[in-house]
file data.cif (mmCIF, N, CA, C and O atoms)
data_data
#
loop_
_atom_site.label_atom_id
_atom_site.label_comp_id
_atom_site.auth_asym_id
_atom_site.auth_seq_id
_atom_site.Cartn_x
_atom_site.Cartn_y
_atom_site.Cartn_z
N MET A 1 -27.12 8.94 9.01
CA MET A 1 -25.75 9.19 8.58
C MET A 1 -24.77 8.41 9.45
O MET A 1 -23.78 7.89 8.94
N LEU A 2 -25.03 8.35 10.73
CA LEU A 2 -24.15 7.61 11.63
C LEU A 2 -24.21 6.11 11.34
O LEU A 2 -23.19 5.42 11.37
N LEU A 3 -25.40 5.62 11.02
CA LEU A 3 -25.54 4.21 10.66
C LEU A 3 -24.79 3.89 9.37
O LEU A 3 -24.16 2.83 9.26
N GLU A 4 -24.83 4.81 8.41
CA GLU A 4 -24.09 4.61 7.16
C GLU A 4 -22.59 4.53 7.44
O GLU A 4 -21.90 3.68 6.88
N ALA A 5 -22.08 5.41 8.28
CA ALA A 5 -20.65 5.42 8.59
C ALA A 5 -20.24 4.16 9.33
O ALA A 5 -19.19 3.56 9.04
N LEU A 6 -21.04 3.72 10.26
CA LEU A 6 -20.73 2.51 11.01
C LEU A 6 -20.76 1.27 10.10
O LEU A 6 -19.85 0.43 10.15
N CYS A 7 -21.77 1.18 9.27
CA CYS A 7 -21.86 0.05 8.34
C CYS A 7 -20.71 0.08 7.34
O CYS A 7 -20.16 -0.97 6.99
N ALA A 8 -20.34 1.27 6.87
CA ALA A 8 -19.24 1.38 5.91
C ALA A 8 -17.92 0.98 6.56
O ALA A 8 -17.10 0.30 5.94
N ALA A 9 -17.71 1.37 7.80
CA ALA A 9 -16.47 1.00 8.50
C ALA A 9 -16.39 -0.51 8.70
O ALA A 9 -15.33 -1.12 8.50
N ILE A 10 -17.48 -1.13 9.06
CA ILE A 10 -17.51 -2.59 9.24
C ILE A 10 -17.29 -3.29 7.90
O ILE A 10 -16.55 -4.27 7.82
N LEU A 11 -17.90 -2.77 6.84
CA LEU A 11 -17.71 -3.35 5.51
C LEU A 11 -16.26 -3.21 5.06
O LEU A 11 -15.67 -4.14 4.51
N GLY A 12 -15.66 -2.05 5.29
CA GLY A 12 -14.26 -1.84 4.93
C GLY A 12 -13.33 -2.75 5.70
O GLY A 12 -12.36 -3.28 5.15
N LEU A 13 -13.62 -2.93 6.98
CA LEU A 13 -12.81 -3.84 7.80
C LEU A 13 -12.94 -5.27 7.30
O LEU A 13 -11.94 -6.01 7.21
N ALA A 14 -14.14 -5.68 6.93
CA ALA A 14 -14.35 -7.03 6.42
C ALA A 14 -13.63 -7.25 5.09
O ALA A 14 -13.00 -8.29 4.87
N LEU A 15 -13.70 -6.26 4.20
CA LEU A 15 -13.00 -6.38 2.92
C LEU A 15 -11.49 -6.42 3.10
O LEU A 15 -10.79 -7.20 2.45
N ALA A 16 -10.98 -5.58 3.99
CA ALA A 16 -9.54 -5.55 4.24
C ALA A 16 -9.08 -6.85 4.89
O ALA A 16 -8.02 -7.38 4.54
N TRP A 17 -9.86 -7.38 5.81
CA TRP A 17 -9.48 -8.65 6.46
C TRP A 17 -9.48 -9.78 5.44
O TRP A 17 -8.58 -10.63 5.43
N ALA A 18 -10.49 -9.79 4.56
CA ALA A 18 -10.56 -10.83 3.53
C ALA A 18 -9.37 -10.73 2.57
O ALA A 18 -8.79 -11.75 2.19
N ALA A 19 -9.02 -9.52 2.19
CA ALA A 19 -7.87 -9.35 1.29
C ALA A 19 -6.58 -9.76 1.98
O ALA A 19 -5.72 -10.40 1.37
N ALA A 20 -6.42 -9.37 3.23
CA ALA A 20 -5.19 -9.72 3.96
C ALA A 20 -5.11 -11.23 4.22
O ALA A 20 -4.03 -11.80 4.24
N HIS A 21 -6.24 -11.86 4.39
CA HIS A 21 -6.27 -13.31 4.62
C HIS A 21 -6.03 -14.08 3.32
O HIS A 21 -5.36 -15.12 3.31
N ARG A 22 -6.57 -13.57 2.21
CA ARG A 22 -6.48 -14.27 0.93
C ARG A 22 -5.16 -14.02 0.21
O ARG A 22 -4.65 -14.90 -0.46
N LEU A 23 -4.60 -12.81 0.33
CA LEU A 23 -3.39 -12.44 -0.40
C LEU A 23 -2.29 -11.93 0.53
O LEU A 23 -1.79 -10.81 0.34
N PRO A 24 -1.87 -12.69 1.51
CA PRO A 24 -0.86 -12.15 2.44
C PRO A 24 0.51 -11.96 1.80
O PRO A 24 1.28 -11.11 2.23
N HIS A 25 0.81 -12.72 0.75
CA HIS A 25 2.11 -12.62 0.10
C HIS A 25 2.20 -11.42 -0.84
O HIS A 25 3.28 -11.04 -1.25
N ARG A 26 1.07 -10.83 -1.20
CA ARG A 26 1.08 -9.71 -2.14
C ARG A 26 0.75 -8.38 -1.48
O ARG A 26 0.77 -7.35 -2.15
N LEU A 27 0.44 -8.39 -0.19
CA LEU A 27 0.09 -7.17 0.51
C LEU A 27 1.12 -6.85 1.59
O LEU A 27 1.79 -7.75 2.09
N PRO A 28 1.24 -5.58 1.97
CA PRO A 28 2.14 -5.25 3.07
C PRO A 28 1.57 -5.73 4.40
O PRO A 28 0.59 -6.48 4.44
N ALA A 29 2.12 -5.29 5.49
CA ALA A 29 1.70 -5.75 6.82
C ALA A 29 0.22 -5.45 7.05
O ALA A 29 -0.35 -4.49 6.54
N ARG A 30 -0.38 -6.32 7.85
CA ARG A 30 -1.81 -6.18 8.16
C ARG A 30 -2.12 -4.87 8.88
O ARG A 30 -3.22 -4.35 8.80
N VAL A 31 -1.11 -4.33 9.57
CA VAL A 31 -1.28 -3.06 10.28
C VAL A 31 -1.59 -1.92 9.30
O VAL A 31 -2.26 -0.96 9.65
N LEU A 32 -1.13 -2.03 8.07
CA LEU A 32 -1.40 -1.03 7.05
C LEU A 32 -2.66 -1.36 6.25
O LEU A 32 -3.40 -0.46 5.86
N VAL A 33 -2.93 -2.62 6.04
CA VAL A 33 -4.04 -3.04 5.17
C VAL A 33 -5.39 -2.74 5.83
O VAL A 33 -6.30 -2.21 5.18
N LEU A 34 -5.54 -3.08 7.09
CA LEU A 34 -6.84 -2.90 7.75
C LEU A 34 -7.29 -1.44 7.82
O LEU A 34 -8.43 -1.13 7.46
N PRO A 35 -6.43 -0.50 8.26
CA PRO A 35 -6.88 0.91 8.25
C PRO A 35 -7.12 1.46 6.85
O PRO A 35 -7.98 2.32 6.66
N THR A 36 -6.40 0.96 5.86
CA THR A 36 -6.62 1.42 4.49
C THR A 36 -8.01 1.02 4.00
O THR A 36 -8.71 1.80 3.36
N GLY A 37 -8.42 -0.20 4.32
CA GLY A 37 -9.76 -0.64 3.94
C GLY A 37 -10.85 0.15 4.62
O GLY A 37 -11.85 0.54 4.00
N ILE A 38 -10.66 0.44 5.90
CA ILE A 38 -11.65 1.21 6.64
C ILE A 38 -11.72 2.64 6.12
O ILE A 38 -12.80 3.18 5.89
N ALA A 39 -10.56 3.26 5.92
CA ALA A 39 -10.54 4.65 5.44
C ALA A 39 -11.13 4.75 4.04
O ALA A 39 -11.87 5.71 3.73
N GLY A 40 -10.82 3.78 3.19
CA GLY A 40 -11.40 3.79 1.84
C GLY A 40 -12.91 3.65 1.86
O GLY A 40 -13.62 4.32 1.11
N ALA A 41 -13.41 2.80 2.75
CA ALA A 41 -14.86 2.61 2.84
C ALA A 41 -15.54 3.86 3.40
O ALA A 41 -16.61 4.25 2.91
N LEU A 42 -14.95 4.48 4.39
CA LEU A 42 -15.55 5.69 4.94
C LEU A 42 -15.54 6.83 3.92
O LEU A 42 -16.51 7.57 3.79
N PHE A 43 -14.44 6.96 3.19
CA PHE A 43 -14.39 7.99 2.16
C PHE A 43 -15.37 7.68 1.03
O PHE A 43 -16.03 8.58 0.50
N GLY A 44 -15.51 6.41 0.68
CA GLY A 44 -16.49 6.03 -0.34
C GLY A 44 -17.91 6.31 0.09
O GLY A 44 -18.74 6.76 -0.71
N ALA A 45 -18.21 6.08 1.36
CA ALA A 45 -19.55 6.39 1.88
C ALA A 45 -19.80 7.90 1.85
O ALA A 45 -20.89 8.35 1.50
N PHE A 46 -18.77 8.67 2.20
CA PHE A 46 -18.91 10.12 2.17
C PHE A 46 -19.16 10.62 0.75
O PHE A 46 -20.06 11.44 0.52
N VAL A 47 -18.38 10.14 -0.19
CA VAL A 47 -18.53 10.59 -1.58
C VAL A 47 -19.88 10.16 -2.14
O VAL A 47 -20.58 10.96 -2.79
N THR A 48 -20.28 8.94 -1.87
CA THR A 48 -21.57 8.45 -2.39
C THR A 48 -22.73 9.19 -1.76
O THR A 48 -23.68 9.57 -2.44
N HIS A 49 -22.66 9.43 -0.45
CA HIS A 49 -23.73 10.15 0.22
C HIS A 49 -23.81 11.60 -0.27
O HIS A 49 -24.89 12.15 -0.43
N THR A 50 -22.65 12.20 -0.53
CA THR A 50 -22.63 13.57 -1.03
C THR A 50 -23.20 13.64 -2.45
O THR A 50 -23.94 14.56 -2.78
N ALA A 51 -22.85 12.68 -3.27
CA ALA A 51 -23.29 12.70 -4.67
C ALA A 51 -24.77 12.36 -4.82
O ALA A 51 -25.47 12.97 -5.63
N LEU A 52 -25.24 11.39 -4.06
CA LEU A 52 -26.61 10.92 -4.25
C LEU A 52 -27.60 11.45 -3.22
O LEU A 52 -28.80 11.27 -3.38
N GLY A 53 -27.09 12.06 -2.17
CA GLY A 53 -27.97 12.54 -1.12
C GLY A 53 -28.46 11.37 -0.28
O GLY A 53 -27.75 10.42 -0.05
N ALA A 54 -29.69 11.45 0.14
CA ALA A 54 -30.26 10.39 0.97
C ALA A 54 -30.88 9.32 0.07
O ALA A 54 -32.07 9.04 0.14
N ALA A 55 -30.07 8.72 -0.77
CA ALA A 55 -30.56 7.73 -1.74
C ALA A 55 -30.87 6.39 -1.08
O ALA A 55 -31.63 5.61 -1.60
N GLY A 56 -30.25 6.11 0.03
CA GLY A 56 -30.50 4.86 0.71
C GLY A 56 -29.21 4.16 1.10
O GLY A 56 -28.15 4.39 0.51
N LEU A 57 -29.32 3.34 2.11
CA LEU A 57 -28.17 2.64 2.65
C LEU A 57 -27.52 1.68 1.65
O LEU A 57 -26.29 1.64 1.58
N PRO A 58 -28.26 0.91 0.87
CA PRO A 58 -27.60 -0.03 -0.05
C PRO A 58 -26.70 0.65 -1.08
O PRO A 58 -25.61 0.17 -1.38
N LEU A 59 -27.12 1.79 -1.61
CA LEU A 59 -26.29 2.50 -2.59
C LEU A 59 -25.05 3.08 -1.95
O LEU A 59 -23.97 3.07 -2.55
N VAL A 60 -25.18 3.58 -0.74
CA VAL A 60 -24.02 4.13 -0.04
C VAL A 60 -23.03 3.01 0.27
O VAL A 60 -21.81 3.19 0.11
N LEU A 61 -23.52 1.87 0.68
CA LEU A 61 -22.63 0.74 0.96
C LEU A 61 -21.98 0.21 -0.31
O LEU A 61 -20.83 -0.24 -0.27
N LEU A 62 -22.68 0.26 -1.42
CA LEU A 62 -22.08 -0.16 -2.68
C LEU A 62 -20.93 0.78 -3.07
O LEU A 62 -19.86 0.32 -3.48
N GLY A 63 -21.15 2.07 -2.92
CA GLY A 63 -20.09 3.03 -3.21
C GLY A 63 -18.93 2.89 -2.25
O GLY A 63 -17.75 3.01 -2.64
N SER A 64 -19.21 2.62 -1.00
CA SER A 64 -18.14 2.46 -0.02
C SER A 64 -17.34 1.18 -0.27
O SER A 64 -16.11 1.18 -0.15
N ALA A 65 -17.99 0.12 -0.69
CA ALA A 65 -17.27 -1.12 -1.01
C ALA A 65 -16.40 -0.94 -2.25
O ALA A 65 -15.27 -1.44 -2.30
N ALA A 66 -16.89 -0.20 -3.21
CA ALA A 66 -16.10 0.03 -4.43
C ALA A 66 -14.85 0.83 -4.14
O ALA A 66 -13.75 0.47 -4.59
N LEU A 67 -14.97 1.89 -3.36
CA LEU A 67 -13.79 2.70 -3.08
C LEU A 67 -12.84 2.00 -2.12
O LEU A 67 -11.62 2.17 -2.21
N SER A 68 -13.36 1.19 -1.23
CA SER A 68 -12.50 0.41 -0.35
C SER A 68 -11.69 -0.61 -1.15
O SER A 68 -10.49 -0.78 -0.93
N ALA A 69 -12.33 -1.28 -2.08
CA ALA A 69 -11.62 -2.24 -2.93
C ALA A 69 -10.58 -1.55 -3.80
O ALA A 69 -9.48 -2.07 -3.99
N CYS A 70 -10.90 -0.36 -4.29
CA CYS A 70 -9.92 0.38 -5.09
C CYS A 70 -8.72 0.80 -4.26
O CYS A 70 -7.58 0.70 -4.72
N SER A 71 -8.94 1.25 -3.05
CA SER A 71 -7.82 1.66 -2.21
C SER A 71 -6.97 0.46 -1.79
O SER A 71 -5.75 0.56 -1.70
N LEU A 72 -7.60 -0.68 -1.57
CA LEU A 72 -6.83 -1.88 -1.24
C LEU A 72 -6.05 -2.40 -2.44
O LEU A 72 -4.95 -2.93 -2.28
N SER A 73 -6.58 -2.20 -3.63
CA SER A 73 -5.86 -2.67 -4.80
C SER A 73 -4.59 -1.87 -5.05
O SER A 73 -3.66 -2.34 -5.70
N LEU A 74 -4.53 -0.65 -4.54
CA LEU A 74 -3.32 0.15 -4.68
C LEU A 74 -2.17 -0.38 -3.83
O LEU A 74 -1.02 -0.03 -4.08
N LEU A 75 -2.47 -1.21 -2.85
CA LEU A 75 -1.43 -1.78 -2.00
C LEU A 75 -0.82 -3.06 -2.55
O LEU A 75 0.20 -3.52 -2.05
N LEU A 76 -1.43 -3.63 -3.57
CA LEU A 76 -0.95 -4.91 -4.11
C LEU A 76 0.42 -4.79 -4.75
O LEU A 76 0.71 -3.81 -5.44
N ARG A 77 1.24 -5.79 -4.50
CA ARG A 77 2.56 -5.89 -5.14
C ARG A 77 2.48 -6.94 -6.24
O ARG A 77 1.60 -7.80 -6.22
N PRO A 78 3.42 -6.90 -7.19
CA PRO A 78 3.42 -7.94 -8.25
C PRO A 78 3.59 -9.33 -7.64
O PRO A 78 4.25 -9.50 -6.61
N ALA A 79 3.03 -10.33 -8.31
CA ALA A 79 3.10 -11.70 -7.81
C ALA A 79 4.51 -12.26 -7.90
O ALA A 79 4.94 -13.00 -7.03
N THR A 80 5.21 -11.92 -8.93
CA THR A 80 6.59 -12.40 -9.10
C THR A 80 7.50 -11.20 -9.25
O THR A 80 7.07 -10.12 -9.61
N SER A 81 8.75 -11.43 -8.99
CA SER A 81 9.70 -10.33 -9.16
C SER A 81 9.91 -10.07 -10.64
O SER A 81 9.90 -10.98 -11.46
N LEU A 82 10.09 -8.82 -10.97
CA LEU A 82 10.29 -8.45 -12.36
C LEU A 82 11.76 -8.66 -12.72
O LEU A 82 12.64 -8.04 -12.16
N ARG A 83 12.00 -9.56 -13.62
CA ARG A 83 13.38 -9.84 -14.05
C ARG A 83 13.53 -9.33 -15.47
O ARG A 83 12.78 -9.70 -16.36
N ARG A 84 14.52 -8.54 -15.65
CA ARG A 84 14.79 -8.03 -16.99
C ARG A 84 15.88 -8.88 -17.63
O ARG A 84 16.91 -9.13 -17.04
N ARG A 85 15.61 -9.28 -18.82
CA ARG A 85 16.61 -10.05 -19.57
C ARG A 85 17.32 -9.10 -20.51
O ARG A 85 16.72 -8.19 -21.09
N SER A 86 18.57 -9.33 -20.67
CA SER A 86 19.32 -8.48 -21.60
C SER A 86 18.94 -8.85 -23.03
O SER A 86 18.49 -9.95 -23.33
N ALA A 87 19.15 -7.93 -23.93
CA ALA A 87 18.78 -8.14 -25.32
C ALA A 87 19.69 -9.18 -25.98
O ALA A 87 19.30 -9.82 -26.97
N THR A 88 20.88 -9.40 -25.45
CA THR A 88 21.79 -10.37 -26.06
C THR A 88 21.57 -11.78 -25.56
O THR A 88 22.14 -12.71 -26.11
N ALA A 89 20.79 -11.96 -24.54
CA ALA A 89 20.62 -13.30 -23.98
C ALA A 89 19.65 -14.13 -24.76
O ALA A 89 18.81 -13.77 -25.44
#

call {"tool": "encode", "arguments": {"input": "data.cif", "output": "structure tokens"}}
result
Amino acid sequence: MLLEALCAAILGLALAWAAAHRLPHRLPARVLVLPTGIAGALFGAFVTHTALGAAGLPLVLLGSAALSACSLSLLLRPATSLRRRSATA
């Protein structure tokens, strides 16, 4: 269980760093992105381990990567500003 948590935290950190490096203009400060990725991965590992039991490390890491990516996607901002045009224009 400790190995699963450690691997999930490292995976979450790697996913968050990759997202922050690839999309810096669409994400908030790195100080918020990195802990969000780690927390999402740890929660994903917990949920997957609880649901599947001792199914194995690869399945737990898959679940942790999925939930980490989902939590990081919640931080994304739109690529362009939303401009509303009036109906008469």

call {"tool": "atom_distance", "arguments": {"input": "data.cif", "atom1": "CA of Cys7 in chain A", "atom2": "CA of Leu75 in chain A"}}
result
23.0 Å

call {"tool": "closest_residue", "arguments": {"input": "data.cif", "among": "A:Leu6, A:Leu23, A:Ala54, A:Leu67", "to": "Thr36 in chain A", "atoms": "all atoms listed in the file"}}
result
A:Leu67

call {"tool": "closest_residue", "arguments": {"input": "data.cif", "among": "A:Pro58, A:Pro78, A:Leu72, A:Met1", "to": "Ala16 in chain A", "atoms": "only N, CA, C and O atoms"}}
result
A:Leu72

call {"tool": "select_by_dssp", "arguments": {"input": "data.cif", "residues": "chain A", "states": "helix (DSSP H, G or I)", "output": "VMD selection string"}}
result
chain A and resid 2 to 22 30 to 52 57 to 73

call {"tool": "residues_around", "arguments": {"input": "data.cif", "residues": "Ala45 in chain A", "least_positions_apart": "6", "cutoff": "7 Å", "atoms": "only N, CA, C and O atoms", "output": "compact mmCIF listing (two decimals) with N, CA, C and O atoms, in the frame of the given file"}}
result
# COMPACT_ATOMS: atom_id res chain seq x y z
N GLU A 4 -24.83 4.81 8.41
CA GLU A 4 -24.09 4.61 7.16
C GLU A 4 -22.59 4.53 7.44
O GLU A 4 -21.90 3.68 6.88
N ALA A 5 -22.08 5.41 8.28
CA ALA A 5 -20.65 5.42 8.59
C ALA A 5 -20.24 4.16 9.33
O ALA A 5 -19.19 3.56 9.04
N ALA A 8 -20.34 1.27 6.87
CA ALA A 8 -19.24 1.38 5.91
C ALA A 8 -17.92 0.98 6.56
O ALA A 8 -17.10 0.30 5.94
N ALA A 39 -10.56 3.26 5.92
CA ALA A 39 -10.54 4.65 5.44
C ALA A 39 -11.13 4.75 4.04
O ALA A 39 -11.87 5.71 3.73
N ALA A 51 -22.85 12.68 -3.27
CA ALA A 51 -23.29 12.70 -4.67
C ALA A 51 -24.77 12.36 -4.82
O ALA A 51 -25.47 12.97 -5.63
N VAL A 60 -25.18 3.58 -0.74
CA VAL A 60 -24.02 4.13 -0.04
C VAL A 60 -23.03 3.01 0.27
O VAL A 60 -21.81 3.19 0.11
N LEU A 61 -23.52 1.87 0.68
CA LEU A 61 -22.63 0.74 0.96
C LEU A 61 -21.98 0.21 -0.31
O LEU A 61 -20.83 -0.24 -0.27
N GLY A 63 -21.15 2.07 -2.92
CA GLY A 63 -20.09 3.03 -3.21
C GLY A 63 -18.93 2.89 -2.25
O GLY A 63 -17.75 3.01 -2.64
N SER A 64 -19.21 2.62 -1.00
CA SER A 64 -18.14 2.46 -0.02
C SER A 64 -17.34 1.18 -0.27
O SER A 64 -16.11 1.18 -0.15
N ALA A 65 -17.99 0.12 -0.69
CA ALA A 65 -17.27 -1.12 -1.01
C ALA A 65 -16.40 -0.94 -2.25
O ALA A 65 -15.27 -1.44 -2.30

call {"tool": "residues_around", "arguments": {"input": "data.cif", "residues": "Ala20 in chain A", "least_positions_apart": "4", "cutoff": "9 Å", "atoms": "only C-alpha atoms", "output": "VMD selection string"}}
result
chain A and resid 15 to 16 24 to 30 33 to 34

call {"tool": "atom_distance", "arguments": {"input": "data.cif", "atom1": "atom C of Ala9 in chain A", "atom2": "CA of Leu32 in chain A"}}
result
15.1 Å

call {"tool": "closest_residue", "arguments": {"input": "data.cif", "among": "A:Leu74, A:Ala41, A:Val31, A:Leu52", "to": "Leu11 in chain A", "atoms": "only C-alpha atoms"}}
result
A:Ala41

call {"tool": "atom_distance", "arguments": {"input": "data.cif", "atom1": "atom N of Cys70 in chain A", "atom2": "atom C of Gly40 in chain A"}}
result
7.6 Å

call {"tool": "closest_residue", "arguments": {"input": "data.cif", "among": "A:Leu13, A:Ala18, A:Leu59, A:Leu2", "to": "Gly37 in chain A", "atoms": "all atoms listed in the file"}}
result
A:Leu13

call {"tool": "closest_residue", "arguments": {"input": "data.cif", "among": "A:Ser68, A:Arg77, A:Leu57, A:His21", "to": "Gly44 in chain A", "atoms": "all atoms listed in the file"}}
result
A:Ser68

call {"tool": "decode", "arguments": {"input": "data.cif", "residues": "range 69-82 of chain A", "atoms": "N, CA, C and O atoms", "output": "tab-separated table (two decimals), in the first residue's frame"}}
result
chain	number	residue	atom	x	y	z
A	69	ALA	N	-5.43	13.35	-13.98
A	69	ALA	CA	-5.70	14.09	-15.21
A	69	ALA	C	-7.04	14.81	-15.15
A	69	ALA	O	-7.16	15.95	-15.62
A	70	CYS	N	-8.03	14.17	-14.56
A	70	CYS	CA	-9.34	14.82	-14.41
A	70	CYS	C	-9.26	16.04	-13.50
A	70	CYS	O	-9.85	17.08	-13.79
A	71	SER	N	-8.55	15.93	-12.40
A	71	SER	CA	-8.44	17.06	-11.49
A	71	SER	C	-7.62	18.20	-12.12
A	71	SER	O	-7.93	19.38	-11.91
A	72	LEU	N	-6.62	17.87	-12.91
A	72	LEU	CA	-5.86	18.91	-13.59
A	72	LEU	C	-6.67	19.58	-14.69
A	72	LEU	O	-6.52	20.77	-14.94
A	73	SER	N	-7.56	18.83	-15.31
A	73	SER	CA	-8.37	19.43	-16.37
A	73	SER	C	-9.36	20.44	-15.81
A	73	SER	O	-9.81	21.32	-16.53
A	74	LEU	N	-9.70	20.33	-14.55
A	74	LEU	CA	-10.60	21.30	-13.93
A	74	LEU	C	-9.94	22.66	-13.75
A	74	LEU	O	-10.63	23.66	-13.56
A	75	LEU	N	-8.62	22.71	-13.80
A	75	LEU	CA	-7.90	23.97	-13.65
A	75	LEU	C	-7.73	24.74	-14.96
A	75	LEU	O	-7.34	25.90	-14.94
A	76	LEU	N	-8.01	24.10	-16.08
A	76	LEU	CA	-7.79	24.74	-17.38
A	76	LEU	C	-8.71	25.93	-17.60
A	76	LEU	O	-9.89	25.89	-17.26
A	77	ARG	N	-8.13	26.97	-18.18
A	77	ARG	CA	-8.90	28.15	-18.57
A	77	ARG	C	-9.10	28.11	-20.08
A	77	ARG	O	-8.36	27.45	-20.79
A	78	PRO	N	-10.10	28.86	-20.59
A	78	PRO	CA	-10.29	28.89	-22.05
A	78	PRO	C	-9.05	29.45	-22.75
A	78	PRO	O	-8.33	30.29	-22.20
A	79	ALA	N	-8.83	29.01	-23.98
A	79	ALA	CA	-7.65	29.44	-24.73
A	79	ALA	C	-7.75	30.90	-25.14
A	79	ALA	O	-6.77	31.62	-25.15
A	80	THR	N	-8.92	31.34	-25.48
A	80	THR	CA	-9.13	32.73	-25.86
A	80	THR	C	-10.19	33.34	-24.97
A	80	THR	O	-10.99	32.64	-24.38
A	81	SER	N	-10.17	34.64	-24.91
A	81	SER	CA	-11.20	35.29	-24.10
A	81	SER	C	-12.54	35.19	-24.81
A	81	SER	O	-12.63	35.24	-26.04
A	82	LEU	N	-13.58	35.06	-24.03
A	82	LEU	CA	-14.91	34.95	-24.60
A	82	LEU	C	-15.44	36.35	-24.90
A	82	LEU	O	-15.61	37.16	-24.01
